[in-house]
file coords_0.txt (compact mmCIF, C-alpha atoms and all ligand atoms)
# COMPACT_ATOMS: atom_id res chain seq x y z
CA MET W 261 -11.82 -22.09 -28.14
CA ILE W 262 -9.55 -21.49 -25.16
CA GLN W 263 -9.10 -24.31 -22.63
CA ILE W 264 -7.15 -23.55 -19.48
CA LYS W 265 -6.47 -26.52 -17.21
CA ASN W 266 -5.01 -26.61 -13.71
CA LEU W 267 -2.77 -23.54 -14.12
CA TRP W 268 -0.22 -22.84 -11.36
CA LYS W 269 2.07 -19.80 -11.17
CA ARG W 270 4.25 -18.68 -8.27
CA TYR W 271 6.08 -15.35 -7.92
CA GLY W 272 8.60 -15.40 -5.05
CA SER W 273 6.77 -17.13 -2.23
CA VAL W 274 3.25 -16.30 -3.46
CA ASP W 275 1.16 -18.80 -5.41
CA VAL W 276 -0.83 -16.40 -7.59
CA LEU W 277 -2.52 -19.05 -9.74
CA GLN W 278 -3.43 -22.19 -7.81
CA GLY W 279 -4.87 -24.75 -10.20
CA LEU W 280 -6.97 -22.36 -12.26
CA THR W 281 -9.31 -23.97 -14.80
CA LEU W 282 -11.44 -22.05 -17.31
CA ASN W 283 -12.82 -22.41 -20.85
CA ALA W 284 -13.78 -19.61 -23.22
CA ASN W 285 -15.96 -20.56 -26.17
CA LYS W 286 -15.87 -19.30 -29.72
CA GLY W 287 -18.48 -16.58 -30.20
CA GLU W 288 -18.73 -15.48 -26.57
CA ILE W 289 -17.74 -12.54 -24.42
CA LEU W 290 -16.47 -13.93 -21.14
CA VAL W 291 -16.05 -11.33 -18.39
CA ILE W 292 -13.67 -12.00 -15.50
CA LEU W 293 -14.28 -10.21 -12.21
CA GLY W 294 -12.07 -10.32 -9.14
CA ARG W 295 -10.43 -8.29 -6.38
CA SER W 296 -7.35 -6.21 -7.12
CA GLY W 297 -4.15 -8.26 -7.02
CA VAL W 298 -5.87 -11.63 -7.37
CA GLY W 299 -4.05 -12.45 -10.64
CA LYS W 300 -6.36 -11.42 -13.47
CA SER W 301 -3.64 -9.68 -15.50
CA VAL W 302 -1.31 -12.61 -14.80
CA LEU W 303 -3.95 -14.95 -16.23
CA LEU W 304 -4.35 -12.87 -19.42
CA ARG W 305 -0.56 -12.75 -19.86
CA HIS W 306 -0.52 -16.55 -19.71
CA ILE W 307 -3.30 -16.84 -22.30
CA ILE W 308 -1.43 -14.65 -24.78
CA GLY W 309 1.76 -16.62 -24.13
CA ILE W 310 4.01 -13.94 -22.63
CA GLU W 311 4.17 -15.80 -19.31
CA LYS W 312 4.75 -19.54 -18.85
CA PRO W 313 2.87 -21.49 -16.18
CA ASP W 314 4.74 -23.54 -13.56
CA GLN W 315 2.15 -26.26 -14.14
CA GLY W 316 -0.96 -26.74 -16.23
CA THR W 317 -1.91 -26.23 -19.86
CA ILE W 318 -3.50 -23.66 -22.15
CA ASP W 319 -4.98 -24.90 -25.43
CA ILE W 320 -5.89 -22.42 -28.14
CA ASP W 321 -8.10 -24.03 -30.79
CA GLY W 322 -6.61 -27.40 -29.92
CA THR W 323 -2.94 -26.32 -29.84
CA CYS W 324 -1.26 -26.44 -26.44
CA ILE W 325 0.73 -23.18 -26.18
CA SER W 326 2.07 -23.58 -22.64
CA ASN W 327 5.45 -24.98 -23.62
CA LEU W 328 5.90 -24.09 -27.28
CA PRO W 329 9.25 -22.77 -28.53
CA LYS W 330 9.25 -19.08 -29.55
CA GLU W 331 8.68 -19.46 -33.30
CA GLN W 332 5.74 -21.87 -32.92
CA LEU W 333 4.30 -19.76 -30.12
CA TYR W 334 4.32 -16.73 -32.42
CA ASN W 335 2.27 -18.66 -34.99
CA ALA W 336 -0.13 -20.03 -32.38
CA VAL W 337 -0.91 -16.63 -30.86
CA LYS W 338 -0.84 -14.40 -33.92
CA ASN W 339 -4.63 -14.39 -34.15
CA MET W 340 -4.80 -13.01 -30.62
CA GLY W 341 -4.67 -9.44 -29.45
CA MET W 342 -4.61 -7.84 -26.05
CA LEU W 343 -5.46 -4.41 -24.70
CA PHE W 344 -3.02 -4.11 -21.81
CA GLN W 345 -3.99 -2.48 -18.55
CA GLY W 346 -2.77 1.11 -19.00
CA ALA W 347 -2.84 0.83 -22.83
CA ALA W 348 0.96 0.28 -23.28
CA LEU W 349 1.44 2.47 -26.36
CA PHE W 350 4.91 2.98 -27.83
CA ASP W 351 5.93 6.40 -26.48
CA SER W 352 8.14 7.37 -29.41
CA MET W 353 5.56 6.54 -32.10
CA ASN W 354 2.70 8.83 -32.98
CA ILE W 355 -0.90 7.59 -32.75
CA GLU W 356 -1.02 6.66 -36.44
CA GLU W 357 2.18 4.58 -36.16
CA ASN W 358 0.99 3.00 -32.91
CA THR W 359 -2.35 2.03 -34.45
CA ALA W 360 -0.67 0.66 -37.59
CA PHE W 361 1.87 -1.41 -35.66
CA TYR W 362 0.21 -4.86 -35.72
CA LEU W 363 -1.30 -4.27 -39.16
CA LYS W 364 2.22 -3.80 -40.53
CA GLN W 365 3.38 -6.94 -38.71
CA HIS W 366 0.44 -9.19 -39.61
CA GLY W 367 -0.66 -7.89 -43.03
CA ASN W 368 -4.10 -8.64 -44.45
CA PRO W 369 -5.94 -10.68 -41.80
CA LEU W 370 -7.38 -13.05 -44.46
CA THR W 371 -4.57 -13.50 -46.98
CA LYS W 372 -1.63 -12.57 -44.65
CA GLU W 373 -0.26 -10.53 -47.62
CA PRO W 374 1.44 -7.25 -46.65
CA LEU W 375 -0.84 -4.21 -46.89
CA THR W 376 0.04 -1.13 -48.95
CA PRO W 377 0.70 2.14 -47.05
CA GLU W 378 -2.61 3.51 -48.43
CA GLU W 379 -4.55 0.48 -47.18
CA ILE W 380 -2.90 0.80 -43.77
CA ARG W 381 -3.68 4.54 -43.59
CA GLU W 382 -7.30 3.92 -44.51
CA LYS W 383 -7.76 1.21 -41.84
CA VAL W 384 -6.02 3.34 -39.20
CA THR W 385 -8.22 6.36 -39.98
CA GLN W 386 -11.31 4.16 -39.75
CA ALA W 387 -10.24 2.56 -36.44
CA LEU W 388 -9.39 5.93 -34.87
CA ALA W 389 -12.79 7.29 -35.95
CA MET W 390 -14.47 4.26 -34.34
CA VAL W 391 -12.91 5.05 -30.96
CA GLY W 392 -13.56 8.80 -31.28
CA LEU W 393 -9.94 9.78 -31.95
CA ALA W 394 -10.21 11.10 -35.53
CA GLY W 395 -7.58 13.75 -36.19
CA THR W 396 -5.08 12.60 -33.53
CA GLU W 397 -2.88 10.70 -36.03
CA LYS W 398 0.18 12.90 -35.65
CA LYS W 399 0.02 13.29 -31.87
CA LEU W 400 2.32 11.41 -29.50
CA PRO W 401 0.84 9.30 -26.66
CA SER W 402 2.14 11.90 -24.16
CA ASP W 403 -0.06 14.53 -25.87
CA LEU W 404 -3.22 12.55 -25.04
CA SER W 405 -5.22 12.14 -21.83
CA GLY W 406 -5.30 8.76 -20.05
CA GLY W 407 -8.72 7.96 -21.50
CA MET W 408 -7.61 8.89 -25.01
CA ARG W 409 -4.52 6.67 -24.68
CA LYS W 410 -6.77 3.79 -23.63
CA ARG W 411 -8.94 4.35 -26.70
CA ALA W 412 -5.83 4.49 -28.92
CA GLY W 413 -4.80 1.12 -27.46
CA LEU W 414 -8.23 -0.19 -28.37
CA ALA W 415 -7.91 1.13 -31.95
CA ARG W 416 -4.54 -0.62 -32.26
CA LEU W 417 -6.14 -3.87 -31.14
CA ILE W 418 -9.34 -3.89 -33.22
CA VAL W 419 -7.68 -2.63 -36.41
CA TYR W 420 -6.01 -5.97 -37.20
CA ARG W 421 -9.14 -7.98 -36.41
CA PRO W 422 -7.76 -10.79 -34.26
CA SER W 423 -10.11 -13.71 -33.58
CA ILE W 424 -9.27 -13.81 -29.87
CA LEU W 425 -9.39 -10.48 -28.05
CA LEU W 426 -8.22 -9.98 -24.49
CA TYR W 427 -9.09 -6.73 -22.72
CA ASP W 428 -7.48 -5.87 -19.38
CA GLU W 429 -9.69 -3.29 -17.67
CA PRO W 430 -10.68 -1.44 -20.84
CA THR W 431 -12.83 1.18 -19.06
CA THR W 432 -11.03 1.78 -15.76
CA GLY W 433 -10.43 5.49 -15.24
CA LEU W 434 -12.77 6.59 -18.03
CA ASP W 435 -15.84 8.79 -17.58
CA PRO W 436 -19.15 6.84 -17.69
CA ILE W 437 -20.10 7.99 -21.19
CA THR W 438 -16.73 7.07 -22.72
CA ALA W 439 -16.76 3.81 -20.76
CA GLN W 440 -20.14 2.90 -22.23
CA GLN W 441 -18.88 3.76 -25.75
CA ILE W 442 -15.96 1.38 -25.20
CA ASN W 443 -18.32 -1.35 -23.91
CA GLU W 444 -20.45 -0.95 -27.03
CA LEU W 445 -17.35 -1.11 -29.22
CA ILE W 446 -16.26 -4.35 -27.55
CA VAL W 447 -19.69 -5.88 -28.22
CA THR W 448 -19.79 -4.59 -31.84
CA THR W 449 -16.29 -5.91 -32.49
CA GLN W 450 -17.22 -9.29 -31.02
CA ASN W 451 -20.41 -9.48 -33.13
CA GLU W 452 -18.45 -8.59 -36.25
CA LEU W 453 -15.48 -10.91 -35.74
CA LYS W 454 -17.46 -13.73 -34.08
CA GLY W 455 -14.33 -14.76 -32.24
CA THR W 456 -13.72 -15.05 -28.51
CA SER W 457 -13.45 -12.04 -26.21
CA ILE W 458 -12.23 -12.12 -22.63
CA VAL W 459 -12.72 -8.91 -20.67
CA VAL W 460 -11.28 -8.25 -17.21
CA THR W 461 -13.14 -5.50 -15.39
CA HIS W 462 -14.03 -4.20 -11.93
CA ASP W 463 -17.16 -2.53 -13.20
CA ILE W 464 -20.20 -4.75 -12.67
CA ASN W 465 -22.43 -2.52 -14.83
CA SER W 466 -20.03 -2.88 -17.78
CA ALA W 467 -19.74 -6.60 -17.05
CA LEU W 468 -23.49 -7.15 -17.18
CA PHE W 469 -23.80 -5.07 -20.34
CA MET W 470 -21.23 -7.16 -22.24
CA ALA W 471 -21.08 -10.64 -20.81
CA ASP W 472 -22.40 -13.88 -22.23
CA ARG W 473 -20.84 -15.48 -19.16
CA LEU W 474 -19.28 -14.08 -16.00
CA ALA W 475 -16.41 -15.62 -14.03
CA LEU W 476 -15.15 -14.82 -10.55
CA HIS W 477 -11.39 -15.10 -10.03
CA GLN W 478 -10.57 -15.61 -6.35
CA ASP W 479 -7.97 -17.45 -4.26
CA GLY W 480 -5.94 -18.37 -7.34
CA LYS W 481 -8.84 -20.10 -9.07
CA ILE W 482 -12.00 -19.42 -11.01
CA ALA W 483 -14.53 -19.89 -8.24
CA TYR W 484 -17.64 -19.65 -10.44
CA VAL W 485 -18.49 -19.21 -14.10
CA ALA W 486 -22.10 -18.80 -15.24
CA PRO W 487 -24.45 -16.76 -17.45
CA PRO W 488 -25.22 -13.31 -15.93
CA GLU W 489 -28.53 -14.04 -14.20
CA GLU W 490 -27.35 -17.31 -12.68
CA PHE W 491 -24.02 -15.72 -11.67
CA MET W 492 -25.66 -12.79 -9.89
CA ASN W 493 -27.76 -15.20 -7.80
CA ILE W 494 -24.79 -17.20 -6.46
CA GLN W 495 -24.49 -17.14 -2.67
CA ASP W 496 -20.97 -15.81 -2.09
CA PRO W 497 -19.78 -12.71 -0.17
CA THR W 498 -18.08 -11.14 -3.23
CA ILE W 499 -21.11 -11.70 -5.44
CA GLU W 500 -23.33 -10.42 -2.63
CA PHE W 501 -21.23 -7.26 -2.66
CA LEU W 502 -21.68 -6.94 -6.45
CA ARG W 503 -25.45 -7.44 -6.06
CA ASN W 504 -25.60 -4.77 -3.37
CA SER W 505 -23.59 -2.29 -5.40
CA LEU W 506 -26.13 -2.74 -8.23
CA THR W 507 -29.12 -2.13 -5.95
CA HIS W 508 -27.24 0.78 -4.42
CA ASN W 509 -26.84 2.34 -7.89
CA LEU W 510 -30.53 1.76 -8.64
CA ARG W 511 -31.47 3.34 -5.32
CA LYS W 512 -29.37 6.36 -6.17
CA GLN W 513 -31.10 6.67 -9.55
CA ASN W 514 -34.60 6.30 -8.03
CA PRO W 515 -34.54 7.96 -4.59
N1 LIG T 601 6.20 -10.43 -12.99
C1 LIG T 601 5.83 -10.52 -11.70
N2 LIG T 601 6.73 -10.71 -10.73
C2 LIG T 601 6.37 -10.82 -9.43
N3 LIG T 601 5.11 -10.72 -9.00
C3 LIG T 601 4.16 -10.52 -9.92
C4 LIG T 601 4.46 -10.40 -11.32
N4 LIG T 601 3.31 -10.21 -11.99
C5 LIG T 601 2.34 -10.21 -11.06
N5 LIG T 601 2.84 -10.39 -9.83
C6 LIG T 601 2.05 -10.48 -8.58
O1 LIG T 601 0.93 -11.30 -8.84
C7 LIG T 601 -0.21 -10.81 -8.15
C8 LIG T 601 -1.37 -10.65 -9.13
O2 LIG T 601 -1.10 -9.55 -10.00
P1 LIG T 601 -2.08 -9.09 -11.15
O3 LIG T 601 -1.44 -7.91 -11.79
O4 LIG T 601 -2.42 -10.23 -12.03
O5 LIG T 601 -3.38 -8.67 -10.32
P2 LIG T 601 -4.79 -8.19 -10.90
O6 LIG T 601 -5.82 -9.18 -10.46
O7 LIG T 601 -4.67 -7.92 -12.35
O8 LIG T 601 -5.01 -6.84 -10.08
P3 LIG T 601 -5.64 -5.42 -10.56
O9 LIG T 601 -7.13 -5.62 -10.50
O10 LIG T 601 -5.17 -4.47 -9.51
O11 LIG T 601 -5.12 -5.10 -11.92
C9 LIG T 601 0.21 -9.53 -7.45
O12 LIG T 601 0.49 -9.84 -6.11
C10 LIG T 601 1.45 -9.13 -8.19
O13 LIG T 601 2.33 -8.43 -7.35
MG MG T 602 -4.65 -6.25 -13.50
call {"tool": "encode", "arguments": {"input": "coords_0.txt", "output": "C-alpha cells"}}
result
Amino acid sequence: MIQIKNLWKRYGSVDVLQGLTLNANKGEILVILGRSGVGKSVLLRHIIGIEKPDQGTIDIDGTCISNLPKEQLYNAVKNMGMLFQGAALFDSMNIEENTAFYLKQHGNPLTKEPLTPEEIREKVTQALAMVGLAGTEKKLPSDLSGGMRKRAGLARLIVYRPSILLYDEPTTGLDPITAQQINELIVTTQNELKGTSIVVTHDINSALFMADRLALHQDGKIAYVAPPEEFMNIQDPTIEFLRNSLTHNLRKQNP
C-alpha cells in the first residue's frame, strides 16, 4: 500500500505540490487525471523516490521512503517500476538490451537469484510479443516509431514483474487501437501481479476502462478520489468537462 501524506514541493517560486494526500491500495488500479503542468509526473517521481519532498511523507508498505539514504531507498523501491512519460529508453542499447535491463539488475523476482542469459532472452521475447514488438530485438530505439518506443518501455517495465507499477501517460500519442491494447495490457498485468498500479492519463475513456478508483490532481492537491461512477458525478468544472467530452464522443458515435 502507498500512503502519501501532506506532500509539498517547490521549484523556484512555484509550489507544485501543496499538501497533497493520497493512498493507493494493494490490488487496485488508481488513475490520476489532471491538467497539463499540474504536477502529475512530479508526484510519480516522488513515489518512486527520485525526487525528495520539501515536506510530507510517502510510505510504501509501511516503510517511509521520503528521507531514506540511497542504499536503503534502493531496497525500499526495488519492487517498483515506472513507465516514464516519453518511454525513456537507453538510446545506445538495442530493444532486447533495453527490455532486459531491469531483469539483469533485479534477477528472479521471487528468489532474487541472477537469471541465466537464456532465461533472460526467453522473458524478453515473451514481453516483446505481449506488446506487439516481436522481432524488434536487434533494433535501436531510434529505428522505432514513437508508439513502438512507448510499447518497448512497457515491455521493459512488465518483464521484471514489479509489485507497484507507475505509468506516466502510457497511451498519449498512440492510435486508438494501440492505446486500447496498452490499456488491456495494464489491466492484465495488474490482474496477474495483484499489486498496485497508478496510471496518469489525459484520456478519460482509457481512465474509465482501467480504473478501480479515479483521482483528480488540481491546485497542488488531490481534489477528489472515488470509484468511477461516483467520481463522474462530482460537481466540479473539470469533471463536468470530462463528462461532456464523454457525451460528445457518444453523440459522435450515434448521430
Ligand atoms: N525538475 C524540475 N525543475 C523545475 N521545475 C520543474 C521540475 N519538474 C517539474 N517542474 C515544474 O513542475 C510543474 C509540474 O510538472 P509536471 O511535469 O509534473 O506536470 P504534469 O502534470 O505531469 O503535466 P503533463 O500532463 O503536461 O505531463 C511544471 O510547471 C514544471 O515546469
Ligand atoms: Mg507529466
call {"tool": "residues_near_ligand", "arguments": {"input": "coords_0.txt", "ligand": "ligand MG 602 (chain T)", "cutoff": "12 Å", "atoms": "all atoms listed in the file", "output": "PyMOL selection string"}}
result
chain W and resi 292-305+343-347+427-430+432+459-462+477
call {"tool": "write_last_selection", "arguments": {"input": "coords_0.txt", "atoms": "C-alpha atoms", "output": "mmCIF file, keeping the file's coordinate frame"}}
result
data_model
loop_
_atom_site.group_PDB
_atom_site.id
_atom_site.type_symbol
_atom_site.label_atom_id
_atom_site.label_comp_id
_atom_site.auth_asym_id
_atom_site.auth_seq_id
_atom_site.Cartn_x
_atom_site.Cartn_y
_atom_site.Cartn_z
ATOM 1 C CA ILE W 292 -13.670 -12.000 -15.500
ATOM 2 C CA LEU W 293 -14.280 -10.210 -12.210
ATOM 3 C CA GLY W 294 -12.070 -10.320 -9.140
ATOM 4 C CA ARG W 295 -10.430 -8.290 -6.380
ATOM 5 C CA SER W 296 -7.350 -6.210 -7.120
ATOM 6 C CA GLY W 297 -4.150 -8.260 -7.020
ATOM 7 C CA VAL W 298 -5.870 -11.630 -7.370
ATOM 8 C CA GLY W 299 -4.050 -12.450 -10.640
ATOM 9 C CA LYS W 300 -6.360 -11.420 -13.470
ATOM 10 C CA SER W 301 -3.640 -9.680 -15.500
ATOM 11 C CA VAL W 302 -1.310 -12.610 -14.800
ATOM 12 C CA LEU W 303 -3.950 -14.950 -16.230
ATOM 13 C CA LEU W 304 -4.350 -12.870 -19.420
ATOM 14 C CA ARG W 305 -0.560 -12.750 -19.860
ATOM 15 C CA LEU W 343 -5.460 -4.410 -24.700
ATOM 16 C CA PHE W 344 -3.020 -4.110 -21.810
ATOM 17 C CA GLN W 345 -3.990 -2.480 -18.550
ATOM 18 C CA GLY W 346 -2.770 1.110 -19.000
ATOM 19 C CA ALA W 347 -2.840 0.830 -22.830
ATOM 20 C CA TYR W 427 -9.090 -6.730 -22.720
ATOM 21 C CA ASP W 428 -7.480 -5.870 -19.380
ATOM 22 C CA GLU W 429 -9.690 -3.290 -17.670
ATOM 23 C CA PRO W 430 -10.680 -1.440 -20.840
ATOM 24 C CA THR W 432 -11.030 1.780 -15.760
ATOM 25 C CA VAL W 459 -12.720 -8.910 -20.670
ATOM 26 C CA VAL W 460 -11.280 -8.250 -17.210
ATOM 27 C CA THR W 461 -13.140 -5.500 -15.390
ATOM 28 C CA HIS W 462 -14.030 -4.200 -11.930
ATOM 29 C CA HIS W 477 -11.390 -15.100 -10.030
#
call {"tool": "closest_residue", "arguments": {"input": "coords_0.txt", "among": "W:Leu476, W:Val485, W:Ala439, W:Ile494", "to": "ligand LIG 601 (chain T)", "atoms": "only C-alpha atoms and all ligand atoms"}}
result
W:Leu476
call {"tool": "closest_residue", "arguments": {"input": "coords_0.txt", "among": "W:Gln386, W:Ser423, W:Thr359, W:Asn465", "to": "Glu452 (chain W)", "atoms": "all atoms listed in the file"}}
result
W:Ser423
call {"tool": "residues_around", "arguments": {"input": "coords_0.txt", "residues": "Gly287 (chain W)", "least_positions_apart": "3", "cutoff": "8 Å", "atoms": "only C-alpha atoms", "output": "MDAnalysis selection string"}}
result
chainID W and resid 450:451 454:457
call {"tool": "write_last_selection", "arguments": {"input": "coords_0.txt", "atoms": "C-alpha atoms", "output": "PDB file, in the frame of the given file"}}
result
ATOM      1  CA  GLN W 450     -17.220  -9.290 -31.020  1.00  0.00           C
ATOM      2  CA  ASN W 451     -20.410  -9.480 -33.130  1.00  0.00           C
ATOM      3  CA  LYS W 454     -17.460 -13.730 -34.080  1.00  0.00           C
ATOM      4  CA  GLY W 455     -14.330 -14.760 -32.240  1.00  0.00           C
ATOM      5  CA  THR W 456     -13.720 -15.050 -28.510  1.00  0.00           C
ATOM      6  CA  SER W 457     -13.450 -12.040 -26.210  1.00  0.00           C
TER       7      SER W 457
END
call {"tool": "closest_residue", "arguments": {"input": "coords_0.txt", "among": "W:Asp479, W:Asp435, W:Asp321, W:Glu382", "to": "ligand LIG 601 (chain T)", "atoms": "only C-alpha atoms and all ligand atoms"}}
result
W:Asp479
call {"tool": "closest_residue", "arguments": {"input": "coords_0.txt", "among": "W:Ile482, W:Met353, W:Leu502, W:Ala394", "to": "ligand LIG 601 (chain T)", "atoms": "only C-alpha atoms and all ligand atoms"}}
result
W:Ile482
call {"tool": "closest_residue", "arguments": {"input": "coords_0.txt", "among": "W:Leu290, W:Leu417, W:Ala471, W:Leu388", "to": "Tyr362 (chain W)", "atoms": "only C-alpha atoms"}}
result
W:Leu417
call {"tool": "closest_residue", "arguments": {"input": "coords_0.txt", "among": "W:Gly367, W:Pro487, W:Gly480, W:Gly309", "to": "ligand LIG 601 (chain T)", "atoms": "only C-alpha atoms and all ligand atoms"}}
result
W:Gly480
call {"tool": "atom_distance", "arguments": {"input": "coords_0.txt", "atom1": "CA of Ile262 (chain W)", "atom2": "CA of Ile320 (chain W)"}}
result
4.8 Å
call {"tool": "atom_distance", "arguments": {"input": "coords_0.txt", "atom1": "CA of Ser273 (chain W)", "atom2": "CA of Thr317 (chain W)"}}
result
21.7 Å
call {"tool": "residues_around", "arguments": {"input": "coords_0.txt", "residues": "Leu375 (chain W)", "least_positions_apart": "2", "cutoff": "12 Å", "atoms": "all atoms listed in the file", "output": "PyMOL selection string"}}
result
chain W and resi 360-373+377-384+420
call {"tool": "atom_distance", "arguments": {"input": "coords_0.txt", "atom1": "CA of Leu277 (chain W)", "atom2": "CA of Ala486 (chain W)"}}
result
20.3 Å
call {"tool": "build_atoms", "arguments": {"input": "coords_0.txt", "residues": "region 342-366 of chain W", "atoms": "N, CA and C atoms", "output": "short mmCIF file (atom, residue, chain, number, x, y, z; two decimals), in the coordinates of the input"}}
result
data_model
loop_
_atom_site.label_atom_id
_atom_site.label_comp_id
_atom_site.auth_asym_id
_atom_site.auth_seq_id
_atom_site.Cartn_x
_atom_site.Cartn_y
_atom_site.Cartn_z
N MET W 342 -4.30 -8.20 -27.43
CA MET W 342 -4.61 -7.84 -26.05
C MET W 342 -4.53 -6.33 -25.85
N LEU W 343 -5.53 -5.80 -25.17
CA LEU W 343 -5.46 -4.41 -24.70
C LEU W 343 -4.91 -4.47 -23.29
N PHE W 344 -3.66 -4.02 -23.12
CA PHE W 344 -3.02 -4.11 -21.81
C PHE W 344 -3.59 -3.07 -20.87
N GLN W 345 -3.57 -3.42 -19.58
CA GLN W 345 -3.99 -2.48 -18.55
C GLN W 345 -3.06 -1.26 -18.67
N GLY W 346 -3.61 -0.07 -18.83
CA GLY W 346 -2.77 1.11 -19.00
C GLY W 346 -2.36 1.36 -20.45
N ALA W 347 -2.96 0.62 -21.38
CA ALA W 347 -2.84 0.83 -22.83
C ALA W 347 -1.50 0.42 -23.46
N ALA W 348 -0.35 0.70 -22.78
CA ALA W 348 0.96 0.28 -23.28
C ALA W 348 1.21 0.68 -24.74
N LEU W 349 1.10 1.97 -25.02
CA LEU W 349 1.44 2.47 -26.36
C LEU W 349 2.96 2.65 -26.44
N PHE W 350 3.48 2.70 -27.66
CA PHE W 350 4.91 2.98 -27.83
C PHE W 350 5.09 4.50 -27.78
N ASP W 351 5.83 4.95 -26.76
CA ASP W 351 5.93 6.40 -26.48
C ASP W 351 6.51 7.21 -27.63
N SER W 352 7.45 6.59 -28.38
CA SER W 352 8.14 7.37 -29.41
C SER W 352 7.40 7.36 -30.75
N MET W 353 6.33 6.58 -30.84
CA MET W 353 5.56 6.54 -32.10
C MET W 353 4.33 7.40 -31.96
N ASN W 354 3.95 8.08 -33.05
CA ASN W 354 2.70 8.83 -32.98
C ASN W 354 1.50 7.87 -33.02
N ILE W 355 0.30 8.43 -32.89
CA ILE W 355 -0.90 7.59 -32.75
C ILE W 355 -1.14 6.78 -34.03
N GLU W 356 -0.85 7.39 -35.18
CA GLU W 356 -1.02 6.66 -36.44
C GLU W 356 -0.07 5.45 -36.50
N GLU W 357 1.20 5.68 -36.12
CA GLU W 357 2.18 4.58 -36.16
C GLU W 357 1.85 3.50 -35.13
N ASN W 358 1.41 3.95 -33.94
CA ASN W 358 0.99 3.00 -32.91
C ASN W 358 -0.15 2.12 -33.41
N THR W 359 -1.16 2.77 -34.01
CA THR W 359 -2.35 2.03 -34.45
C THR W 359 -2.00 1.07 -35.59
N ALA W 360 -1.04 1.48 -36.42
CA ALA W 360 -0.67 0.66 -37.59
C ALA W 360 0.25 -0.50 -37.24
N PHE W 361 0.77 -0.50 -36.00
CA PHE W 361 1.87 -1.41 -35.66
C PHE W 361 1.60 -2.88 -35.99
N TYR W 362 0.48 -3.43 -35.48
CA TYR W 362 0.21 -4.86 -35.72
C TYR W 362 -0.23 -5.12 -37.16
N LEU W 363 -0.90 -4.12 -37.75
CA LEU W 363 -1.30 -4.27 -39.16
C LEU W 363 -0.07 -4.46 -40.03
N LYS W 364 0.98 -3.69 -39.75
CA LYS W 364 2.22 -3.80 -40.53
C LYS W 364 2.85 -5.17 -40.30
N GLN W 365 2.78 -5.64 -39.04
CA GLN W 365 3.38 -6.94 -38.71
C GLN W 365 2.60 -8.10 -39.33
N HIS W 366 1.26 -8.02 -39.26
CA HIS W 366 0.44 -9.19 -39.61
C HIS W 366 -0.08 -9.16 -41.05
#
